[in-house]
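Engineer: You'll find model.cif just under this line, and it carries mmCIF, C-alpha atoms and all ligand atoms.
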```cif
data_target
#
loop_
_atom_site.label_atom_id
_atom_site.label_comp_id
_atom_site.auth_asym_id
_atom_site.auth_seq_id
_atom_site.Cartn_x
_atom_site.Cartn_y
_atom_site.Cartn_z
CA MET A 1 -37.04 50.03 -52.59
CA ASN A 2 -35.02 48.24 -55.26
CA ASP A 3 -37.15 45.11 -54.95
CA MET A 4 -40.08 47.16 -56.23
CA LEU A 5 -38.35 47.63 -59.57
CA ASN A 6 -39.28 45.16 -62.28
CA GLU A 7 -36.40 46.01 -64.60
CA ASN A 8 -32.69 46.63 -64.11
CA THR A 9 -32.72 49.68 -66.36
CA TYR A 10 -35.42 51.97 -67.71
CA LYS A 11 -35.53 54.06 -70.85
CA ALA A 12 -37.68 57.06 -71.65
CA ALA A 13 -38.50 58.38 -75.10
CA VAL A 14 -38.59 62.17 -75.09
CA SER A 15 -40.22 64.03 -77.96
CA ARG A 16 -40.62 67.64 -78.95
CA ASN A 17 -43.29 68.94 -81.34
CA GLY A 18 -44.37 65.36 -81.93
CA LYS A 19 -40.85 64.34 -83.00
CA ARG A 20 -38.77 61.97 -80.96
CA ILE A 21 -35.55 63.70 -79.92
CA GLY A 22 -33.96 60.97 -77.91
CA LEU A 23 -34.06 57.84 -75.87
CA TYR A 24 -32.76 58.46 -72.37
CA ASP A 25 -31.67 56.24 -69.51
CA VAL A 26 -33.82 56.89 -66.46
CA LYS A 27 -32.13 56.99 -63.07
CA PHE A 28 -33.72 58.00 -59.80
CA GLU A 29 -31.77 59.57 -56.98
CA ILE A 30 -34.04 59.84 -53.98
CA ASP A 31 -33.04 61.21 -50.60
CA VAL A 32 -35.58 61.12 -47.76
CA GLN A 33 -35.47 63.51 -44.82
CA TYR A 34 -37.63 64.22 -41.81
CA LEU A 35 -38.59 67.88 -41.70
CA ALA A 36 -38.16 69.06 -38.11
CA GLY A 37 -39.51 72.28 -36.62
CA THR A 38 -42.73 73.89 -35.45
CA GLU A 39 -45.81 73.68 -37.68
CA GLN A 40 -45.28 77.35 -38.50
CA GLU A 41 -41.70 76.72 -39.62
CA ILE A 42 -42.66 73.64 -41.65
CA LYS A 43 -45.50 75.55 -43.34
CA LYS A 44 -43.09 78.33 -44.28
CA THR A 45 -40.50 75.89 -45.67
CA ILE A 46 -43.09 74.14 -47.86
CA GLU A 47 -44.87 77.27 -49.07
CA SER A 48 -41.67 79.13 -49.90
CA ASN A 49 -39.94 76.22 -51.66
CA VAL A 50 -39.02 76.93 -55.28
CA ASP A 51 -36.93 73.81 -55.92
CA ILE A 52 -38.90 71.48 -58.21
CA LYS A 53 -36.86 68.54 -56.90
CA ASN A 54 -38.30 68.84 -53.38
CA ASN A 55 -41.47 66.93 -52.49
CA TYR A 56 -43.23 67.29 -49.12
CA PHE A 57 -45.54 64.68 -47.61
CA ARG A 58 -47.25 64.82 -44.25
CA VAL A 59 -47.55 61.34 -42.62
CA GLU A 60 -50.22 60.76 -39.96
CA SER A 61 -52.38 57.85 -38.76
CA PHE A 62 -55.22 59.26 -40.91
CA THR A 63 -55.29 61.93 -43.59
CA ASP A 64 -58.03 64.54 -43.99
CA GLU A 65 -59.36 62.78 -47.12
CA GLU A 66 -63.12 62.74 -46.43
CA GLU A 67 -64.17 59.20 -47.38
CA SER A 68 -61.52 56.96 -45.84
CA GLY A 69 -58.56 59.02 -44.72
CA THR A 70 -56.54 57.51 -47.54
CA SER A 71 -53.17 58.72 -48.86
CA TYR A 72 -53.16 61.26 -51.66
CA VAL A 73 -51.09 63.82 -53.51
CA ASP A 74 -52.32 67.29 -54.48
CA GLY A 75 -53.00 66.44 -58.11
CA LEU A 76 -51.07 65.03 -61.02
CA GLY A 77 -47.48 66.20 -61.06
CA SER A 78 -47.80 67.90 -57.66
CA ASN A 79 -44.94 68.09 -55.18
CA THR A 80 -47.00 67.83 -51.98
CA GLY A 81 -49.41 65.36 -50.37
CA PHE A 82 -50.65 63.57 -47.29
CA PHE A 83 -49.98 59.88 -46.46
CA ARG A 84 -51.71 57.49 -44.06
CA TYR A 85 -49.05 55.61 -42.10
CA ASN A 86 -50.81 52.24 -41.75
CA GLN A 87 -51.70 52.21 -45.42
CA ILE A 88 -48.04 52.65 -46.32
CA VAL A 89 -46.99 49.71 -44.12
CA GLU A 90 -49.88 47.45 -45.20
CA SER A 91 -49.13 48.10 -48.87
CA GLY A 92 -45.57 46.82 -48.40
CA TYR A 93 -44.50 50.47 -48.91
CA THR A 94 -45.73 50.38 -52.52
CA THR A 95 -48.15 53.24 -51.68
CA ILE A 96 -45.16 55.58 -51.33
CA VAL A 97 -43.82 54.62 -54.76
CA HIS A 98 -47.32 54.80 -56.30
CA GLU A 99 -47.91 58.30 -54.91
CA TYR A 100 -44.39 59.38 -55.85
CA LEU A 101 -45.10 58.37 -59.47
CA HIS A 102 -48.23 60.55 -59.33
CA THR A 103 -45.97 63.46 -58.30
CA LEU A 104 -43.97 62.85 -61.47
CA GLY A 105 -47.20 63.36 -63.41
CA ILE A 106 -47.65 59.73 -64.36
CA TRP A 107 -50.52 59.49 -66.77
CA GLN A 108 -51.98 56.35 -68.27
CA GLY A 109 -52.72 57.64 -71.72
CA LYS A 110 -55.91 58.84 -73.32
CA ASN A 111 -57.97 55.96 -71.97
CA ALA A 112 -57.12 56.66 -68.35
CA HIS A 113 -59.64 57.45 -65.68
CA GLU A 114 -59.63 61.07 -64.54
CA ASP A 115 -57.70 60.03 -61.45
CA SER A 116 -54.95 58.72 -63.79
CA HIS A 117 -55.17 55.09 -62.75
CA PRO A 118 -55.17 52.50 -65.54
CA TYR A 119 -58.47 52.10 -67.37
CA ASN A 120 -58.17 48.38 -68.04
CA LEU A 121 -58.19 46.58 -64.70
CA ASN A 122 -57.99 43.09 -66.16
CA LEU A 123 -54.38 41.90 -66.24
CA ILE A 124 -55.11 38.19 -66.41
CA GLY A 125 -52.44 36.61 -68.63
CA LYS A 126 -50.46 39.85 -68.77
CA GLY A 127 -47.89 39.15 -66.05
CA GLN A 128 -46.38 41.60 -63.59
CA PRO A 129 -48.84 44.31 -62.44
CA GLY A 130 -47.38 47.84 -62.64
CA MET A 131 -47.23 50.30 -59.77
CA MET A 132 -50.32 52.31 -60.72
CA TYR A 133 -52.80 49.40 -60.57
CA ILE A 134 -55.36 49.55 -57.81
CA GLU A 135 -56.65 46.90 -55.45
CA ARG A 136 -59.63 45.67 -57.48
CA THR A 137 -57.47 44.80 -60.52
CA LEU A 138 -57.81 41.23 -61.78
CA VAL A 139 -54.43 39.53 -62.04
CA ASP A 140 -52.74 36.16 -62.51
CA ARG A 141 -53.19 34.05 -59.41
CA GLN A 142 -49.65 34.50 -58.07
CA HIS A 143 -50.29 38.26 -57.79
CA GLN A 144 -53.58 37.84 -55.92
CA VAL A 145 -54.18 38.48 -52.22
CA ASN A 146 -55.22 34.82 -52.12
CA PRO A 147 -53.71 32.82 -55.00
CA LYS A 148 -56.28 30.06 -54.43
CA ALA A 149 -59.32 32.32 -54.84
CA GLU A 150 -61.29 32.47 -58.08
CA GLN A 151 -60.18 35.46 -60.16
CA GLY A 152 -62.73 38.19 -59.49
CA ASP A 153 -63.83 36.80 -56.13
CA TYR A 154 -63.24 40.06 -54.27
CA VAL A 155 -64.54 38.70 -50.97
CA ASN A 156 -61.94 35.95 -50.82
CA GLY A 157 -58.92 37.77 -52.23
CA GLY A 158 -59.28 37.01 -55.93
CA HIS A 159 -57.76 40.36 -56.87
CA LEU A 160 -54.45 42.25 -56.85
CA ASP A 161 -52.28 42.15 -53.75
CA ILE A 162 -50.94 45.71 -53.95
CA ARG A 163 -47.74 44.62 -52.15
CA LYS A 164 -46.88 42.73 -55.34
CA ARG A 165 -46.94 45.79 -57.61
CA LYS A 166 -43.66 46.76 -59.27
CA VAL A 167 -42.39 49.68 -61.33
CA THR A 168 -42.58 48.44 -64.93
CA ALA A 169 -41.14 49.86 -68.13
CA ALA A 170 -44.70 50.96 -69.00
CA ASP A 171 -44.88 53.01 -65.78
CA ILE A 172 -41.74 54.92 -66.74
CA TYR A 173 -43.05 55.40 -70.28
CA ASN A 174 -46.22 56.91 -68.82
CA ILE A 175 -44.28 59.54 -66.85
CA PHE A 176 -43.09 60.92 -70.16
CA TYR A 177 -46.35 60.32 -72.03
CA LYS A 178 -47.19 63.99 -71.85
CA GLN A 179 -44.66 66.19 -73.51
CA ILE A 180 -41.76 67.29 -71.36
CA LYS A 181 -40.49 70.79 -72.12
CA LEU A 182 -36.72 70.93 -72.48
CA ILE A 183 -34.91 74.19 -71.82
CA ASN A 184 -31.18 74.06 -72.58
CA GLY A 185 -31.36 70.28 -72.39
CA LEU A 186 -33.00 70.26 -68.95
CA ALA A 187 -36.63 69.76 -68.03
CA ASP A 188 -38.77 69.98 -64.93
CA VAL A 189 -40.92 66.91 -64.30
CA GLY A 190 -44.03 67.77 -62.29
CA LYS A 191 -44.84 71.16 -60.83
CA LEU A 192 -44.75 73.12 -57.57
CA THR A 193 -48.00 72.81 -55.66
CA SER A 194 -46.34 73.71 -52.34
CA LYS A 195 -49.44 72.96 -50.27
CA TYR A 196 -48.98 72.71 -46.53
CA HIS A 197 -51.17 70.06 -44.84
CA ALA A 198 -52.20 70.67 -41.23
CA PRO A 199 -52.16 67.69 -38.81
ZN ZN A 201 -53.11 56.61 -57.27
#
```
Translate this structure into structure tokens?
Ligand SMILES: [Zn+2]
Structural biologist:
Amino acid sequence: MNDMLNENTYKAAVSRNGKRIGLYDVKFEIDVQYLAGTEQEIKKTIESNVDIKNNYFRVESFTDEEESGTSYVDGLGSNTGFFRYNQIVESGYTTIVHEYLHTLGIWQGKNAHEDSHPYNLNLIGKGQPGMMYIERTLVDRQHQVNPKAEQGDYVNGGHLDIRKRKVTAADIYNIFYKQIKLINGLADVGKLTSKYHAP
């Protein structure tokens, strides 16, 4: 996963009541486990979880998303979701990181679309595309599906190759865009949705 990071270190500005209270180093410690058991047991584990640090994702060949069976999480800052296996592989695994950032409540600022993806999908001349950009984003040629295609030629790959997305400093900033509530110096990022997804 490290090759999906665009920087060596990340910083986050945390503010309270509109006043900046500190600039923090951001470190991720992520441990991935397969949840074994019957569907009944898995459902119980997910629905009874009270640890904000735990996220649960079902992975199948298709999800129950109506239009295309695409991967999704249960809302901004949620801790549960449903991933489509082939989509994860075809995206160079960036879909996992993209969805994970949604679970941290990543928000693109006041100009964002309701689904929290970036509003401005023209990154020509702006360099490395961040992790929240979607497939139809216009990018510099080296980040295109087909670097030889005209920019904007969607039929021939003149748009973002999502495998080339990376976690940028702006992505990390956007996690903390909305105020984080500190209690005794600690804060929860995201929330417990605890939704079990049936196969
Ligand atoms: Zn998304």
Engineer: Measuring atom to atom with all atoms listed in the file, identify which of A:Arg16, A:His143, A:Lys11, A:Arg84 is nearest to Ala187 in chain A.
Structural biologist: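 Of the candidates, the smallest distance to Ala187 in chain A is held by A:Arg16.
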Engineer: Point out the residue among A:Thr94, A:Leu182, A:Leu192, A:Tyr10 with the least atom-to-atom distance to Leu23 in chain A, counting all atoms listed in the file.
Structural biologist: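 Among A:Thr94, A:Leu182, A:Leu192, A:Tyr10, it is A:Tyr10 that comes nearest to Leu23 in chain A.
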Engineer: Which protein, DNA or RNA residues have an atom within 12 Å of ligand ZN 201 (chain A), counting all atoms listed in the file, as a ChimeraX atom specification?
Structural biologist: /A:70-77,81,83,94-108,112-118,130-135,162
Engineer: Which is closest to Ile175 in chain A among A:Glu47, A:Gln40, A:Gly92, A:Asp188, if we use all atoms listed in the file?
Structural biologist: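 Residue with the minimum atom-to-atom distance to Ile175 in chain A: A:Asp188.
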Engineer: Distance CA of Val139 in chain A-CA of Leu121 in chain A, one decimal place?
Structural biologist: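 Distance between the two atoms: 8.4 Å.
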Engineer: Could you tell me how far CA of Lys126 in chain A lies from CA of Gln144 in chain A, in Å and to one decimal?
Structural biologist: 13.4 Å
Engineer: Using all atoms listed in the file, determine which residues lie at most 10 Å from Gly69 in chain A, disregarding the query and same-chain residues fewer than 3 positions distant; provide the list as a PyMOL selection string.
Structural biologist: chain A and resi 60-66+72+82-84+87
Engineer: How far is it from CA of Leu5 in chain A to CA of Asp171 in chain A, in Å with one decimal?
Structural biologist: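 Computing it gives 10.5 Å between the two atoms.
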Engineer: Pick out the closest residue to Ile46 in chain A from this set: A:Asn86, A:Asn8, A:Gln33, A:Thr80. Count only C-alpha atoms.
Structural biologist: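 The shortest atom-to-atom distance to Ile46 in chain A comes from A:Thr80.
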Engineer: Which residues are close to Thr38 in chain A, i.e. within 12 Å by only C-alpha atoms, leaving aside same-chain residues fewer than 4 positions away? Reply as a list in words.
Structural biologist: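 Those residues are Ile42, Lys43, Lys44, Thr45, Ala198 and Pro199 of chain A.
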Engineer: Rank A:Val26, A:Ile88, A:Val145, A:Ile180 by their smallest atom-to-atom distance to Lys164 in chain A, using all atoms listed in the file, and report the top residue only.
Structural biologist: A:Val145
Engineer: I'd like to know which of A:Gln151, A:Asn156, A:Asn174, A:Asn79 is closest to Phe57 in chain A, using all atoms listed in the file.
Structural biologist: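 Under the stated criterion, the closest residue is A:Asn79.
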Engineer: How big is the axis-aligned box around the listed atoms of range 136-149 of chain A once 6 Å is added on each side, and where is its centre? Give both in Å to one decimal, as JSON.
Structural biologist:
```
{"center_x": -54.6, "center_y": 37.9, "center_z": -57.3, "size_x": 22.0, "size_y": 27.6, "size_z": 22.4}
```
Engineer: I want to know what sits within 12 Å of Gly158 in chain A, based on only C-alpha atoms, with residues of the same chain fewer than 6 positions away left out; could you give that as JSON, numbers by chain?
Structural biologist: {"A": [122, 124, 135, 136, 137, 138, 139, 140, 141, 142, 143, 144, 145, 146, 147, 148, 149, 150, 151, 152]}
Engineer: Just need range 12-136 of chain A in a file, please: C-alpha atoms, as a compact mmCIF listing (two decimals), in the first residue's frame.
Structural biologist:
```
# COMPACT_ATOMS: atom_id res chain seq x y z
CA ALA A 12 -3.14 17.55 9.76
CA ALA A 13 -4.28 20.89 11.13
CA VAL A 14 -6.80 20.39 13.93
CA SER A 15 -8.95 23.30 15.07
CA ARG A 16 -11.49 23.87 17.79
CA ASN A 17 -14.11 26.63 17.75
CA GLY A 18 -12.56 27.93 14.55
CA LYS A 19 -9.13 28.25 16.20
CA ARG A 20 -6.22 26.11 15.17
CA ILE A 21 -5.01 24.11 18.17
CA GLY A 22 -2.24 22.16 16.56
CA LEU A 23 -0.49 20.64 13.63
CA TYR A 24 -0.25 16.88 13.99
CA ASP A 25 1.72 14.17 12.25
CA VAL A 26 -0.63 11.66 10.66
CA LYS A 27 0.25 7.98 10.90
CA PHE A 28 -1.93 5.09 9.85
CA GLU A 29 -1.74 1.69 11.50
CA ILE A 30 -3.93 -0.69 9.55
CA ASP A 31 -4.39 -4.36 10.32
CA VAL A 32 -6.53 -6.47 7.99
CA GLN A 33 -8.29 -9.64 9.10
CA TYR A 34 -10.68 -12.11 7.55
CA LEU A 35 -13.78 -12.48 9.69
CA ALA A 36 -14.58 -16.19 9.92
CA GLY A 37 -17.82 -17.74 11.14
CA THR A 38 -21.41 -18.30 10.09
CA GLU A 39 -23.39 -15.39 8.62
CA GLN A 40 -25.28 -15.22 11.92
CA GLU A 41 -22.06 -14.91 13.91
CA ILE A 42 -20.59 -12.32 11.53
CA LYS A 43 -23.80 -10.27 11.66
CA LYS A 44 -23.69 -10.32 15.46
CA THR A 45 -20.01 -9.27 15.56
CA ILE A 46 -20.62 -6.31 13.22
CA GLU A 47 -23.87 -5.14 14.81
CA SER A 48 -22.57 -5.36 18.37
CA ASN A 49 -19.21 -3.69 17.68
CA VAL A 50 -18.62 -0.53 19.70
CA ASP A 51 -14.95 0.01 18.79
CA ILE A 52 -14.71 2.99 16.41
CA LYS A 53 -11.40 1.63 15.12
CA ASN A 54 -13.03 -1.44 13.57
CA ASN A 55 -14.28 -1.29 9.98
CA TYR A 56 -16.18 -4.15 8.32
CA PHE A 57 -16.39 -4.70 4.57
CA ARG A 58 -18.10 -7.54 2.77
CA VAL A 59 -16.25 -8.58 -0.44
CA GLU A 60 -18.15 -10.42 -3.19
CA SER A 61 -18.02 -10.67 -6.99
CA PHE A 62 -20.87 -8.11 -7.11
CA THR A 63 -22.39 -5.87 -4.46
CA ASP A 64 -26.11 -5.18 -4.06
CA GLU A 65 -25.67 -1.61 -5.40
CA GLU A 66 -28.56 -1.38 -7.90
CA GLU A 67 -26.97 0.26 -10.94
CA SER A 68 -23.67 -1.55 -11.41
CA GLY A 69 -22.87 -3.62 -8.35
CA THR A 70 -20.09 -1.19 -7.53
CA SER A 71 -18.19 -0.89 -4.24
CA TYR A 72 -19.55 1.47 -1.61
CA VAL A 73 -19.45 2.41 2.05
CA ASP A 74 -22.53 3.17 4.16
CA GLY A 75 -22.13 6.94 4.03
CA LEU A 76 -19.47 9.47 4.89
CA GLY A 77 -17.51 8.49 7.96
CA SER A 78 -19.18 5.07 8.18
CA ASN A 79 -17.39 1.98 9.43
CA THR A 80 -19.10 -0.57 7.15
CA GLY A 81 -19.48 -1.21 3.43
CA PHE A 82 -19.57 -3.65 0.54
CA PHE A 83 -16.76 -4.11 -2.04
CA ARG A 84 -16.76 -5.69 -5.50
CA TYR A 85 -13.73 -7.96 -5.79
CA ASN A 86 -12.92 -7.42 -9.48
CA GLN A 87 -13.21 -3.67 -9.11
CA ILE A 88 -10.64 -3.74 -6.33
CA VAL A 89 -8.16 -5.72 -8.46
CA GLU A 90 -8.78 -3.69 -11.64
CA SER A 91 -8.26 -0.43 -9.75
CA GLY A 92 -4.79 -1.56 -8.67
CA TYR A 93 -6.29 -1.81 -5.15
CA THR A 94 -6.81 1.97 -5.04
CA THR A 95 -10.57 1.36 -4.58
CA ILE A 96 -9.86 -0.01 -1.09
CA VAL A 97 -7.89 3.10 -0.12
CA HIS A 98 -10.49 5.40 -1.72
CA GLU A 99 -13.34 3.74 0.20
CA TYR A 100 -11.28 3.65 3.38
CA LEU A 101 -10.80 7.43 3.12
CA HIS A 102 -14.60 7.76 2.82
CA THR A 103 -14.87 5.84 6.11
CA LEU A 104 -12.65 8.50 7.69
CA GLY A 105 -15.23 11.06 6.60
CA ILE A 106 -13.13 12.57 3.84
CA TRP A 107 -14.92 15.61 2.53
CA GLN A 108 -13.84 17.82 -0.33
CA GLY A 109 -14.89 21.14 1.07
CA LYS A 110 -17.93 23.28 0.44
CA ASN A 111 -17.76 22.86 -3.32
CA ALA A 112 -17.92 19.08 -3.21
CA HIS A 113 -20.60 17.01 -4.82
CA GLU A 114 -23.04 15.43 -2.40
CA ASP A 115 -21.22 12.13 -2.79
CA SER A 116 -18.07 13.90 -1.51
CA HIS A 117 -15.98 13.44 -4.63
CA PRO A 118 -14.04 16.47 -5.87
CA TYR A 119 -16.09 19.07 -7.71
CA ASN A 120 -13.40 20.14 -10.15
CA LEU A 121 -12.58 17.17 -12.36
CA ASN A 122 -10.02 18.99 -14.50
CA LEU A 123 -6.51 18.36 -13.17
CA ILE A 124 -4.65 19.20 -16.36
CA GLY A 125 -1.40 20.90 -15.36
CA LYS A 126 -1.97 20.13 -11.68
CA GLY A 127 0.15 17.00 -11.34
CA GLN A 128 -0.54 13.95 -9.20
CA PRO A 129 -4.26 13.06 -8.96
CA GLY A 130 -5.42 12.44 -5.37
CA MET A 131 -7.17 9.31 -4.17
CA MET A 132 -10.72 10.70 -4.29
CA TYR A 133 -10.73 11.54 -8.02
CA ILE A 134 -13.04 9.47 -10.17
CA GLU A 135 -12.53 7.86 -13.55
CA ARG A 136 -13.79 10.70 -15.77
```
